[in-house]
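Below: upload.txt (compact mmCIF, C-alpha atoms and all ligand atoms)
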```
# COMPACT_ATOMS: atom_id res chain seq x y z
CA MET A 114 1.64 -64.35 -5.91
CA ASN A 115 2.90 -63.64 -9.46
CA PHE A 116 2.20 -60.82 -11.91
CA GLU A 117 2.59 -62.39 -15.32
CA ILE A 118 2.47 -60.85 -18.78
CA ILE A 119 -0.01 -62.97 -20.75
CA GLY A 120 -0.47 -60.86 -23.90
CA THR A 121 1.32 -58.10 -25.80
CA GLY A 122 0.39 -55.70 -28.61
CA ARG A 123 1.54 -52.58 -30.43
CA ALA A 124 0.23 -49.94 -32.81
CA VAL A 125 1.75 -47.10 -34.80
CA PRO A 126 0.12 -44.59 -37.15
CA PRO A 127 0.15 -45.57 -40.85
CA ARG A 128 2.39 -42.68 -42.00
CA LYS A 129 6.10 -43.52 -41.93
CA VAL A 130 8.44 -40.53 -42.28
CA THR A 131 12.04 -41.21 -43.27
CA ASN A 132 15.05 -39.04 -42.43
CA ASP A 133 15.29 -38.14 -46.11
CA ALA A 134 11.69 -36.88 -46.05
CA LEU A 135 12.53 -34.65 -43.06
CA ALA A 136 15.69 -33.43 -44.79
CA ARG A 137 13.54 -32.09 -47.63
CA GLU A 138 11.80 -29.72 -45.16
CA LEU A 139 14.61 -29.02 -42.70
CA ASP A 140 18.36 -28.30 -42.58
CA THR A 141 19.32 -31.85 -41.62
CA SER A 142 20.38 -35.09 -43.30
CA ASP A 143 19.91 -38.83 -43.06
CA GLU A 144 23.65 -39.08 -42.34
CA TRP A 145 23.51 -36.64 -39.37
CA ILE A 146 20.44 -38.21 -37.80
CA ARG A 147 21.71 -41.80 -38.18
CA SER A 148 25.21 -41.05 -36.96
CA HIS A 149 24.05 -39.00 -33.93
CA THR A 150 21.02 -41.09 -32.88
CA GLY A 151 20.66 -44.37 -34.81
CA ILE A 152 17.23 -43.22 -36.08
CA GLY A 153 16.21 -43.98 -39.68
CA SER A 154 12.47 -43.25 -39.65
CA ARG A 155 9.47 -42.63 -37.39
CA TYR A 156 5.66 -43.00 -37.57
CA ILE A 157 3.68 -39.76 -37.30
CA ALA A 158 0.00 -39.48 -36.40
CA GLY A 159 -2.31 -37.57 -38.71
CA GLU A 160 -4.79 -35.02 -37.37
CA GLU A 161 -7.45 -37.68 -36.90
CA ILE A 162 -5.32 -39.90 -34.64
CA ALA A 163 -5.05 -39.28 -30.90
CA ASN A 164 -3.51 -41.20 -28.02
CA SER A 165 -6.58 -43.34 -27.24
CA ASP A 166 -6.78 -44.55 -30.87
CA LEU A 167 -3.26 -45.98 -30.76
CA SER A 168 -3.67 -47.18 -27.16
CA ALA A 169 -6.90 -49.04 -27.93
CA ALA A 170 -5.42 -50.63 -31.08
CA ALA A 171 -2.39 -51.93 -29.14
CA ALA A 172 -4.67 -53.09 -26.31
CA LYS A 173 -6.91 -55.08 -28.69
CA GLN A 174 -3.87 -57.01 -29.94
CA ALA A 175 -2.75 -57.77 -26.39
CA LEU A 176 -6.27 -58.85 -25.40
CA SER A 177 -6.63 -61.18 -28.37
CA MET A 178 -3.28 -62.79 -27.54
CA ALA A 179 -4.35 -63.27 -23.91
CA GLU A 180 -7.86 -64.51 -24.76
CA PRO A 181 -7.87 -65.87 -28.33
CA ALA A 182 -11.11 -67.79 -27.76
CA LEU A 183 -13.13 -64.77 -26.58
CA THR A 184 -14.75 -61.99 -28.58
CA PRO A 185 -13.00 -58.62 -28.15
CA GLU A 186 -15.92 -57.44 -25.98
CA ASP A 187 -15.75 -60.49 -23.68
CA ALA A 188 -11.95 -60.25 -23.49
CA ALA A 189 -12.25 -56.59 -22.45
CA MET A 190 -14.60 -57.61 -19.63
CA THR A 191 -11.77 -59.65 -18.06
CA ILE A 192 -9.83 -56.43 -17.35
CA ASP A 193 -10.01 -54.87 -13.87
CA LEU A 194 -7.61 -51.98 -14.35
CA VAL A 195 -6.42 -49.84 -17.27
CA ILE A 196 -3.29 -47.72 -16.92
CA VAL A 197 -2.00 -45.57 -19.76
CA ALA A 198 1.53 -44.30 -19.20
CA THR A 199 1.68 -41.07 -21.16
CA VAL A 200 2.35 -37.33 -21.16
CA THR A 201 0.37 -36.82 -24.38
CA GLY A 202 -3.19 -37.92 -23.60
CA ASP A 203 -6.15 -36.98 -25.81
CA HIS A 204 -6.79 -34.05 -23.45
CA LEU A 205 -4.90 -32.23 -20.72
CA GLY A 206 -5.60 -35.05 -18.26
CA CYS A 207 -9.33 -34.37 -18.18
CA PRO A 208 -10.53 -36.96 -18.99
CA SER A 209 -7.58 -39.31 -18.87
CA ALA A 210 -6.60 -41.28 -21.97
CA ALA A 211 -7.16 -44.44 -19.90
CA CYS A 212 -10.86 -43.64 -19.37
CA ILE A 213 -11.32 -43.11 -23.10
CA VAL A 214 -9.54 -46.41 -23.81
CA GLN A 215 -11.70 -48.16 -21.19
CA ASP A 216 -14.79 -46.93 -23.00
CA LYS A 217 -13.47 -47.78 -26.49
CA LEU A 218 -12.72 -51.35 -25.43
CA GLY A 219 -15.90 -51.79 -23.40
CA ALA A 220 -13.82 -52.74 -20.34
CA LYS A 221 -16.77 -51.77 -18.18
CA LYS A 222 -15.59 -53.19 -14.87
CA ALA A 223 -12.07 -51.71 -15.06
CA ALA A 224 -10.74 -48.79 -13.05
CA ALA A 225 -8.77 -46.44 -15.30
CA MET A 226 -6.08 -43.82 -14.91
CA ASP A 227 -3.09 -42.24 -16.64
CA LEU A 228 0.39 -42.23 -15.23
CA ALA A 229 2.90 -39.48 -16.06
CA ALA A 230 6.55 -40.47 -15.70
CA GLY A 231 7.89 -39.43 -19.11
CA CYS A 232 9.74 -42.10 -21.03
CA THR A 233 9.99 -44.22 -17.84
CA GLY A 234 6.18 -44.33 -17.68
CA PHE A 235 5.69 -47.96 -18.72
CA ILE A 236 8.20 -49.15 -16.12
CA TYR A 237 6.42 -47.20 -13.39
CA ALA A 238 3.04 -48.41 -14.69
CA LEU A 239 3.95 -52.11 -14.51
CA GLU A 240 4.94 -51.76 -10.86
CA THR A 241 1.86 -49.65 -10.11
CA ALA A 242 -0.43 -52.20 -11.76
CA ALA A 243 1.12 -55.08 -9.81
CA GLY A 244 0.67 -53.12 -6.58
CA LEU A 245 -2.99 -52.38 -7.31
CA LEU A 246 -3.69 -55.99 -8.27
CA MET A 247 -2.01 -57.19 -5.08
CA MET A 248 -4.07 -54.87 -2.87
CA ASN A 249 -7.46 -56.26 -3.84
CA ASN A 250 -8.68 -59.84 -4.29
CA GLN A 251 -11.32 -58.71 -6.78
CA ARG A 252 -8.69 -57.39 -9.18
CA LYS A 253 -6.99 -60.02 -11.32
CA ARG A 254 -5.95 -58.43 -14.59
CA ALA A 255 -4.50 -55.09 -15.65
CA LEU A 256 -4.10 -53.64 -19.10
CA VAL A 257 -0.87 -51.62 -19.03
CA ILE A 258 -0.24 -49.34 -21.99
CA GLY A 259 2.58 -46.99 -22.90
CA CYS A 260 1.49 -44.52 -25.56
CA GLU A 261 2.81 -41.24 -26.83
CA VAL A 262 1.82 -38.84 -29.61
CA LEU A 263 4.69 -36.41 -29.15
CA SER A 264 4.62 -35.35 -32.80
CA LYS A 265 1.76 -33.00 -31.79
CA PHE A 266 3.93 -31.34 -29.14
CA ILE A 267 7.03 -30.69 -31.19
CA ASP A 268 8.46 -27.58 -32.75
CA TRP A 269 8.84 -28.93 -36.27
CA LYS A 270 11.29 -26.12 -37.07
CA ASP A 271 13.70 -27.18 -34.29
CA ARG A 272 15.94 -29.77 -35.93
CA ALA A 273 17.56 -30.63 -32.60
CA THR A 274 14.32 -32.11 -31.23
CA CYS A 275 11.91 -32.84 -34.08
CA VAL A 276 14.05 -35.52 -35.71
CA LEU A 277 14.14 -37.57 -32.48
CA PHE A 278 10.53 -38.49 -31.82
CA GLY A 279 7.89 -40.82 -33.24
CA ASP A 280 4.34 -41.82 -32.23
CA GLY A 281 3.12 -45.22 -31.09
CA ALA A 282 1.64 -47.44 -28.41
CA GLY A 283 2.55 -50.74 -26.79
CA ALA A 284 0.38 -52.76 -24.42
CA VAL A 285 0.57 -55.78 -22.13
CA ILE A 286 -1.99 -57.71 -20.09
CA LEU A 287 -0.68 -58.32 -16.58
CA GLU A 288 -2.38 -61.16 -14.70
CA LYS A 289 -2.20 -61.99 -11.01
CA THR A 290 -1.61 -65.71 -10.47
CA GLU A 291 -1.22 -67.62 -7.24
CA ASP A 292 1.21 -70.36 -8.23
CA SER A 293 4.58 -70.15 -9.89
CA THR A 294 5.16 -72.62 -12.66
CA VAL A 295 8.67 -72.01 -13.96
CA GLY A 296 11.51 -74.48 -13.37
CA ASN A 297 11.66 -77.25 -10.82
CA GLY A 298 10.42 -75.37 -7.80
CA THR A 299 13.82 -74.28 -6.54
CA ASN A 300 14.60 -70.62 -6.42
CA ASP A 301 17.56 -70.28 -8.77
CA THR A 302 18.34 -66.68 -7.99
CA GLY A 303 17.97 -66.94 -4.24
CA ASN A 304 16.17 -63.61 -4.12
CA THR A 305 13.11 -63.53 -6.28
CA GLY A 306 10.90 -62.23 -3.53
CA ASP A 307 8.58 -65.24 -3.72
CA ILE A 308 5.69 -64.57 -1.38
CA SER A 309 3.57 -67.58 -2.37
CA GLY A 310 6.09 -70.02 -0.91
CA SER A 311 5.91 -72.10 -4.08
CA GLY A 312 9.45 -71.71 -5.40
CA VAL A 313 10.52 -69.86 -8.53
CA LYS A 314 8.51 -66.78 -9.31
CA ASN A 315 7.15 -65.87 -12.70
CA GLY A 316 6.36 -62.49 -14.25
CA LEU A 317 7.35 -59.17 -12.69
CA LEU A 318 10.08 -59.94 -10.15
CA GLN A 319 11.67 -56.65 -9.38
CA SER A 320 11.42 -52.93 -10.11
CA VAL A 321 13.61 -49.99 -9.25
CA LEU A 322 12.03 -46.55 -9.68
CA TYR A 323 13.95 -43.31 -9.32
CA ALA A 324 13.25 -39.60 -9.80
CA ASP A 325 15.33 -36.42 -9.79
CA GLY A 326 12.92 -33.51 -10.05
CA SER A 327 15.78 -31.01 -9.95
CA GLY A 328 16.42 -31.86 -13.62
CA GLY A 329 12.83 -31.19 -14.73
CA ASP A 330 13.81 -28.16 -16.80
CA HIS A 331 15.98 -30.26 -19.12
CA LEU A 332 12.97 -31.87 -20.77
CA ILE A 333 9.86 -29.78 -20.49
CA ILE A 334 6.61 -28.67 -22.12
CA ARG A 335 6.35 -25.17 -20.64
CA LYS A 336 3.04 -24.00 -21.99
CA GLY A 337 -0.46 -25.26 -21.26
CA GLY A 338 -0.27 -26.41 -17.66
CA SER A 339 -1.33 -24.53 -14.53
CA ARG A 340 2.10 -22.81 -14.27
CA ASN A 341 1.71 -21.20 -17.66
CA PRO A 342 -1.79 -21.76 -19.03
CA PHE A 343 -2.93 -20.76 -22.47
CA LYS A 344 -4.96 -17.55 -22.10
CA ALA A 345 -7.91 -16.43 -24.20
CA GLY A 346 -6.83 -14.13 -27.02
CA GLU A 347 -3.17 -15.09 -26.67
CA THR A 348 -1.22 -15.70 -29.87
CA LEU A 349 1.58 -18.21 -29.62
CA GLU A 350 4.64 -17.90 -31.84
CA LYS A 351 4.98 -21.67 -31.83
CA GLY A 352 2.61 -24.49 -30.97
CA ILE A 353 2.84 -25.97 -27.48
CA HIS A 354 6.06 -27.98 -27.71
CA ILE A 355 8.71 -29.94 -25.88
CA GLU A 356 12.06 -28.29 -25.10
CA MET A 357 15.15 -30.34 -24.46
CA ASN A 358 18.67 -29.69 -23.26
CA GLY A 359 20.16 -32.49 -25.37
CA GLN A 360 23.59 -32.62 -23.78
CA ALA A 361 22.26 -32.60 -20.21
CA VAL A 362 19.71 -35.32 -21.03
CA TYR A 363 22.39 -37.37 -22.74
CA ASN A 364 24.66 -37.26 -19.70
CA PHE A 365 21.77 -38.02 -17.35
CA ALA A 366 20.61 -40.91 -19.53
CA VAL A 367 23.96 -42.71 -19.63
CA LYS A 368 24.19 -42.44 -15.84
CA ALA A 369 20.55 -43.50 -15.42
CA VAL A 370 20.96 -46.64 -17.53
CA THR A 371 24.17 -47.58 -15.68
CA GLU A 372 22.66 -46.98 -12.23
CA THR A 373 19.40 -48.77 -13.05
CA ILE A 374 21.07 -51.92 -14.34
CA ALA A 375 23.38 -52.03 -11.31
CA GLY A 376 20.40 -51.37 -8.99
CA LEU A 377 18.27 -54.13 -10.51
CA ILE A 378 21.06 -56.69 -10.47
CA ALA A 379 21.81 -55.92 -6.83
CA ALA A 380 18.16 -55.90 -5.75
CA GLU A 381 17.45 -59.23 -7.42
CA GLY A 382 20.75 -60.83 -6.44
CA ILE A 383 21.60 -62.03 -9.94
CA SER A 384 24.33 -61.51 -12.51
CA VAL A 385 23.84 -59.72 -15.81
CA ASN A 386 24.68 -63.08 -17.44
CA ASP A 387 21.36 -64.41 -16.11
CA ILE A 388 19.52 -61.83 -18.24
CA LYS A 389 18.58 -62.94 -21.76
CA LYS A 390 17.74 -59.47 -23.12
CA ILE A 391 17.84 -55.91 -21.86
CA ILE A 392 15.08 -53.78 -23.36
CA PRO A 393 16.11 -50.15 -23.00
CA HIS A 394 14.09 -47.04 -23.69
CA GLN A 395 14.89 -46.18 -27.30
CA ALA A 396 16.04 -42.57 -27.13
CA ASN A 397 19.42 -42.67 -28.79
CA ALA A 398 21.56 -45.66 -29.82
CA ARG A 399 24.65 -43.79 -28.61
CA ILE A 400 23.28 -43.63 -25.05
CA ILE A 401 22.97 -47.42 -25.00
CA GLN A 402 26.39 -47.93 -26.58
CA ALA A 403 27.99 -45.67 -23.96
CA ALA A 404 26.21 -47.41 -21.06
CA ALA A 405 27.05 -50.88 -22.43
CA LYS A 406 30.71 -49.90 -22.65
CA ARG A 407 30.72 -48.48 -19.14
CA LEU A 408 29.09 -51.64 -17.73
CA LYS A 409 31.14 -54.00 -19.95
CA ILE A 410 27.91 -55.60 -21.24
CA PRO A 411 27.94 -56.77 -24.88
CA GLU A 412 25.90 -54.37 -27.01
CA ASP A 413 23.93 -57.22 -28.55
CA LYS A 414 22.35 -57.97 -25.16
CA PHE A 415 20.36 -54.73 -25.65
CA TYR A 416 17.39 -54.94 -28.00
CA MET A 417 17.28 -51.92 -30.30
CA ASN A 418 14.57 -50.91 -32.77
CA ILE A 419 15.11 -47.13 -32.72
CA GLU A 420 16.12 -47.28 -36.40
CA GLU A 421 12.49 -47.85 -37.39
CA TYR A 422 10.41 -46.10 -34.69
CA ALA A 423 12.67 -43.29 -33.33
CA ASN A 424 11.93 -42.27 -29.73
CA THR A 425 8.31 -43.12 -28.88
CA SER A 426 8.83 -42.19 -25.22
CA ALA A 427 6.60 -44.24 -22.86
CA ALA A 428 5.68 -46.54 -25.75
CA SER A 429 9.19 -47.59 -26.72
CA ILE A 430 9.62 -50.43 -24.19
CA PRO A 431 6.21 -52.11 -24.68
CA ILE A 432 6.57 -51.78 -28.47
CA ALA A 433 9.96 -53.52 -28.22
CA LEU A 434 8.50 -56.19 -25.90
CA ASP A 435 5.74 -56.97 -28.38
CA GLU A 436 8.19 -57.13 -31.29
CA LEU A 437 10.48 -59.53 -29.43
CA ASN A 438 7.52 -61.62 -28.32
CA ARG A 439 5.95 -61.89 -31.77
CA LYS A 440 9.34 -62.63 -33.38
CA GLY A 441 9.64 -65.60 -31.01
CA GLU A 442 12.81 -64.23 -29.40
CA LEU A 443 11.50 -64.64 -25.84
CA GLN A 444 11.13 -68.13 -24.40
CA TYR A 445 9.04 -69.17 -21.43
CA GLY A 446 11.22 -68.77 -18.33
CA ASP A 447 13.67 -66.22 -19.83
CA LEU A 448 14.75 -63.40 -17.53
CA ILE A 449 14.53 -60.02 -19.21
CA MET A 450 15.21 -56.49 -18.01
CA THR A 451 13.67 -53.14 -18.96
CA VAL A 452 15.57 -49.88 -18.43
CA GLY A 453 14.11 -46.42 -18.93
CA PHE A 454 14.82 -42.74 -18.39
CA GLY A 455 12.97 -39.60 -19.26
CA ALA A 456 11.14 -36.42 -18.36
CA GLY A 457 10.79 -35.63 -14.69
CA LEU A 458 13.58 -36.55 -14.64
CA THR A 459 12.68 -40.17 -13.96
CA TYR A 460 14.47 -43.45 -14.46
CA GLY A 461 14.17 -47.08 -13.47
CA GLY A 462 13.69 -50.62 -14.68
CA ASN A 463 12.02 -54.00 -14.19
CA ILE A 464 13.15 -57.61 -14.13
CA ILE A 465 10.56 -59.95 -15.63
CA ARG A 466 10.55 -63.71 -15.99
CA TRP A 467 8.82 -64.29 -19.32
CA SER A 468 5.68 -66.36 -18.91
CA ILE A 469 4.03 -66.59 -22.33
CA LYS A 470 4.17 -70.16 -23.64
CA LYS A 471 4.46 -70.53 -27.42
N1 LIG B 501 20.62 -32.17 -38.20
C1 LIG B 501 21.80 -31.56 -38.45
N2 LIG B 501 22.48 -30.90 -37.51
C2 LIG B 501 21.95 -30.85 -36.27
C3 LIG B 501 20.72 -31.45 -35.95
C4 LIG B 501 20.06 -32.12 -36.99
N3 LIG B 501 18.87 -32.75 -36.78
N4 LIG B 501 20.46 -31.22 -34.65
C5 LIG B 501 21.48 -30.52 -34.16
N5 LIG B 501 22.38 -30.28 -35.15
C6 LIG B 501 23.63 -29.53 -35.09
C7 LIG B 501 23.64 -28.51 -33.99
O1 LIG B 501 23.03 -27.32 -34.43
C8 LIG B 501 25.11 -28.32 -33.76
O2 LIG B 501 25.63 -27.48 -34.76
P1 LIG B 501 26.77 -26.41 -34.41
O3 LIG B 501 27.93 -27.23 -33.93
O4 LIG B 501 26.98 -25.73 -35.70
O5 LIG B 501 26.19 -25.56 -33.33
C9 LIG B 501 25.67 -29.73 -34.01
O6 LIG B 501 24.69 -30.42 -34.75
C10 LIG B 501 25.96 -30.50 -32.76
O7 LIG B 501 24.86 -30.34 -31.88
P2 LIG B 501 24.79 -31.09 -30.50
O8 LIG B 501 23.53 -30.73 -29.80
O9 LIG B 501 26.09 -30.88 -29.77
O10 LIG B 501 24.74 -32.58 -31.01
P3 LIG B 501 24.91 -33.88 -30.18
O11 LIG B 501 26.01 -34.67 -30.74
O12 LIG B 501 24.91 -33.58 -28.71
O13 LIG B 501 23.55 -34.64 -30.50
C11 LIG B 501 21.41 -35.10 -29.55
C12 LIG B 501 22.29 -34.07 -30.18
C13 LIG B 501 21.23 -36.23 -30.55
C14 LIG B 501 20.05 -34.50 -29.23
C15 LIG B 501 22.10 -35.60 -28.26
O14 LIG B 501 22.44 -34.54 -27.43
C16 LIG B 501 21.26 -36.56 -27.52
O15 LIG B 501 21.00 -37.66 -27.94
N6 LIG B 501 20.83 -36.18 -26.32
C17 LIG B 501 20.03 -37.07 -25.51
C18 LIG B 501 18.70 -36.60 -25.52
C19 LIG B 501 17.70 -37.60 -26.04
O16 LIG B 501 17.97 -38.70 -26.40
N7 LIG B 501 16.51 -37.11 -26.03
C20 LIG B 501 15.42 -37.85 -26.46
C21 LIG B 501 14.25 -37.49 -25.69
S1 LIG B 501 14.50 -37.55 -24.06
C22 LIG B 501 14.20 -39.03 -23.55
O17 LIG B 501 13.72 -39.85 -24.22
C23 LIG B 501 14.62 -39.25 -22.19
```
Same coordinates, now as structure tokens:
Amino acid sequence: MNFEIIGTGRAVPPRKVTNDALARELDTSDEWIRSHTGIGSRYIAGEEIANSDLSAAAAKQALSMAEPALTPEDAAMTIDLVIVATVTGDHLGCPSAACIVQDKLGAKKAAAMDLAAGCTGFIYALETAAGLLMMNNQRKRALVIGCEVLSKFIDWKDRATCVLFGDGAGAVILEKTEDSTVGNGTNDTGNTGDISGSGVKNGLLQSVLYADGSGGDHLIIRKGGSRNPFKAGETLEKGIHIEMNGQAVYNFAVKAVTETIAGLIAAEGISVNDIKKIIPHQANARIIQAAAKRLKIPEDKFYMNIEEYANTSAASIPIALDELNRKGELQYGDLIMTVGFGAGLTYGGNIIRWSIKK
């Protein structure tokens, strides 16, 4: 049994905000932001744009890639499951962003739910989708989305956090297939977990998922949940916003990337040389440079697009996947790796054998 990506898509809001534009409102500079993070700009949602708008737009692209001959409505009817990885749904989880997306697409036969694992959300969601497809013969296809609209949960006066984030969504269609089709039928890694008995596996091969809840305070939205709800008549000094201990998250992130790559390589029984591209969560270019140095992996093996999008949290990996795919930089049969880390704290990664034929 394989879980293959058969379509990808992405969406960002129309408004692009450069570092220079931020520096006109805030005590910061393009030079500081670029040199400390690698960020040059970000896309910011206007008042009229919520999570499900970006999620549905990315999903439509992925659906039309997977089913170019079908109408959008018919393509949506091929979906059995919608998962939106996010911590910034349209509402406080009720209803989920996934249910709103399901309705917007007309994916009437799909189950739908959100998944909260911070910036690692898409990695968790891929593994969750594969598990749910595997458990039921009636389920064949999942729409897996990573979407975040963190600009609405930021203290825009706090230069240490507001310059880091951008909004966006990325989506993939994950399809369950019975037969593997890559290569000559021999298992070239020796440990691809092939359970169909047909040789080389395609699609999602391996995931490692980790959490360390003791670090939850380092990246937190304190207000609005059941621990500290908004009360009638209360006046907030600031909007509900994310707080971050930058140094602690930085140290955690370098360790998380290092541990995840080592964990995936060991679990799959391969060498890093077998991997064509590593697609890391785009939080800070310096985190990736430090991890690459520690692991002695050439920096150019890591795909980076943080310069344009900034940190889009759960969306950053599927946005990068779609970019690479549409640029033609992924070939059928390539092994790729995702690596993420984020609020929770959570971290983890996937190994995927690329299965979209050009
Ligand atoms: N512009 C100008 N100066 C700034 C800015 C800014 N935007 N932000 C902070 N500074 C100042 C600080 O006030 C401080 O000034 P001081 O020395 O006078 O006190 C100085 O720059 C250095 O501040 P640090 O916090 O030590 O800067 P650092 O080099 O650690 O970089 C950063 C901060 C970029 C946040 C870094 O800690 C980091 O990348 N942490 C990882 C966290 C991360 O990537 N989070 C993203 C979200 S989490 C996730 O996706 C998992």
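Interatomic distance, atom CA of Ile353 of chain A against atom CA of Asn418 of chain A: 28.1 Å.
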Within 9 Å of (-11.2, -50.1, -27.0) (coordinates as in the file), grab all the protein and nucleic acid residues, counting only C-alpha atoms, and write them out as a JSON list (two decimals) with C-alpha atoms, in the coordinates of the input.
```json
[["chain", "number", "residue", "atom", "x", "y", "z"],
["A", 165, "SER", "CA", -6.58, -43.34, -27.24],
["A", 166, "ASP", "CA", -6.78, -44.55, -30.87],
["A", 168, "SER", "CA", -3.67, -47.18, -27.16],
["A", 169, "ALA", "CA", -6.90, -49.04, -27.93],
["A", 170, "ALA", "CA", -5.42, -50.63, -31.08],
["A", 172, "ALA", "CA", -4.67, -53.09, -26.31],
["A", 173, "LYS", "CA", -6.91, -55.08, -28.69],
["A", 185, "PRO", "CA", -13.00, -58.62, -28.15],
["A", 186, "GLU", "CA", -15.92, -57.44, -25.98],
["A", 189, "ALA", "CA", -12.25, -56.59, -22.45],
["A", 213, "ILE", "CA", -11.32, -43.11, -23.10],
["A", 214, "VAL", "CA", -9.54, -46.41, -23.81],
["A", 215, "GLN", "CA", -11.70, -48.16, -21.19],
["A", 216, "ASP", "CA", -14.79, -46.93, -23.00],
["A", 217, "LYS", "CA", -13.47, -47.78, -26.49],
["A", 218, "LEU", "CA", -12.72, -51.35, -25.43],
["A", 219, "GLY", "CA", -15.90, -51.79, -23.40],
["A", 220, "ALA", "CA", -13.82, -52.74, -20.34]]
```
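The spacing separating atom CA of Gly457 of chain A from atom CA of Asn358 of chain A amounts to 13.1 Å.
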Using all atoms listed in the file, which residues have at least one atom no more than 8 Å from ligand LIG 501 (chain B)? Output them as a VMD selection string. chain A and resid 140 to 142 145 to 146 149 to 150 231 to 232 271 to 278 332 357 to 364 366 394 to 397 399 to 400 424 to 426 453 to 456
Using C-alpha atoms, can you write the selected residues to a file as a PDB file, keeping the file's coordinate frame?
```pdb
ATOM      1  CA  ASP A 140      18.360 -28.300 -42.580  1.00  0.00           C
ATOM      2  CA  THR A 141      19.320 -31.850 -41.620  1.00  0.00           C
ATOM      3  CA  SER A 142      20.380 -35.090 -43.300  1.00  0.00           C
ATOM      4  CA  TRP A 145      23.510 -36.640 -39.370  1.00  0.00           C
ATOM      5  CA  ILE A 146      20.440 -38.210 -37.800  1.00  0.00           C
ATOM      6  CA  HIS A 149      24.050 -39.000 -33.930  1.00  0.00           C
ATOM      7  CA  THR A 150      21.020 -41.090 -32.880  1.00  0.00           C
ATOM      8  CA  GLY A 231       7.890 -39.430 -19.110  1.00  0.00           C
ATOM      9  CA  CYS A 232       9.740 -42.100 -21.030  1.00  0.00           C
ATOM     10  CA  ASP A 271      13.700 -27.180 -34.290  1.00  0.00           C
ATOM     11  CA  ARG A 272      15.940 -29.770 -35.930  1.00  0.00           C
ATOM     12  CA  ALA A 273      17.560 -30.630 -32.600  1.00  0.00           C
ATOM     13  CA  THR A 274      14.320 -32.110 -31.230  1.00  0.00           C
ATOM     14  CA  CYS A 275      11.910 -32.840 -34.080  1.00  0.00           C
ATOM     15  CA  VAL A 276      14.050 -35.520 -35.710  1.00  0.00           C
ATOM     16  CA  LEU A 277      14.140 -37.570 -32.480  1.00  0.00           C
ATOM     17  CA  PHE A 278      10.530 -38.490 -31.820  1.00  0.00           C
ATOM     18  CA  LEU A 332      12.970 -31.870 -20.770  1.00  0.00           C
ATOM     19  CA  MET A 357      15.150 -30.340 -24.460  1.00  0.00           C
ATOM     20  CA  ASN A 358      18.670 -29.690 -23.260  1.00  0.00           C
ATOM     21  CA  GLY A 359      20.160 -32.490 -25.370  1.00  0.00           C
ATOM     22  CA  GLN A 360      23.590 -32.620 -23.780  1.00  0.00           C
ATOM     23  CA  ALA A 361      22.260 -32.600 -20.210  1.00  0.00           C
ATOM     24  CA  VAL A 362      19.710 -35.320 -21.030  1.00  0.00           C
ATOM     25  CA  TYR A 363      22.390 -37.370 -22.740  1.00  0.00           C
ATOM     26  CA  ASN A 364      24.660 -37.260 -19.700  1.00  0.00           C
ATOM     27  CA  ALA A 366      20.610 -40.910 -19.530  1.00  0.00           C
ATOM     28  CA  HIS A 394      14.090 -47.040 -23.690  1.00  0.00           C
ATOM     29  CA  GLN A 395      14.890 -46.180 -27.300  1.00  0.00           C
ATOM     30  CA  ALA A 396      16.040 -42.570 -27.130  1.00  0.00           C
ATOM     31  CA  ASN A 397      19.420 -42.670 -28.790  1.00  0.00           C
ATOM     32  CA  ARG A 399      24.650 -43.790 -28.610  1.00  0.00           C
ATOM     33  CA  ILE A 400      23.280 -43.630 -25.050  1.00  0.00           C
ATOM     34  CA  ASN A 424      11.930 -42.270 -29.730  1.00  0.00           C
ATOM     35  CA  THR A 425       8.310 -43.120 -28.880  1.00  0.00           C
ATOM     36  CA  SER A 426       8.830 -42.190 -25.220  1.00  0.00           C
ATOM     37  CA  GLY A 453      14.110 -46.420 -18.930  1.00  0.00           C
ATOM     38  CA  PHE A 454      14.820 -42.740 -18.390  1.00  0.00           C
ATOM     39  CA  GLY A 455      12.970 -39.600 -19.260  1.00  0.00           C
ATOM     40  CA  ALA A 456      11.140 -36.420 -18.360  1.00  0.00           C
TER      41      ALA A 456
END
```
Any idea what's packed within 10 Å of Arg439 of chain A, counting all atoms listed in the file, ignoring anything in its chain fewer than 6 positions away? Could you give it as an NGL selection string? :A and (121-122 or 433 or 471)
Nearest residue to Glu240 of chain A out of A:Ala375, A:Leu135, A:Leu434, A:Leu317, using all atoms listed in the file?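 That would be A:Leu317, the residue with the smallest distance to Glu240 of chain A.
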Write out as a ChimeraX atom specification which residues come within 7 Å of Ser468 of chain A when counting only C-alpha atoms, dropping same-chain ones fewer than 3 positions away. /A:117-119,315-316,445-446
Output for the residues just chosen: C-alpha atoms as a PDB file, keeping the file's coordinate frame:
```
ATOM      1  CA  GLU A 117       2.590 -62.390 -15.320  1.00  0.00           C
ATOM      2  CA  ILE A 118       2.470 -60.850 -18.780  1.00  0.00           C
ATOM      3  CA  ILE A 119      -0.010 -62.970 -20.750  1.00  0.00           C
ATOM      4  CA  ASN A 315       7.150 -65.870 -12.700  1.00  0.00           C
ATOM      5  CA  GLY A 316       6.360 -62.490 -14.250  1.00  0.00           C
ATOM      6  CA  TYR A 445       9.040 -69.170 -21.430  1.00  0.00           C
ATOM      7  CA  GLY A 446      11.220 -68.770 -18.330  1.00  0.00           C
TER       8      GLY A 446
END
```
For atom CA of Ile374 of chain A and atom CA of Ala230 of chain A, determine how far apart the two atoms are, in Å to one decimal place.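 Rounded to one decimal, the two atoms are 18.5 Å apart.
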Segment 192-196 of chain A environment, 10 Å, all atoms listed in the file, sequence neighbours closer than 3 positions dropped, as number ranges by chain: A: 172, 176, 187-189, 199, 209-212, 214-215, 218-228, 235, 238-239, 241-242, 245-246, 251-259, 284, 286-288
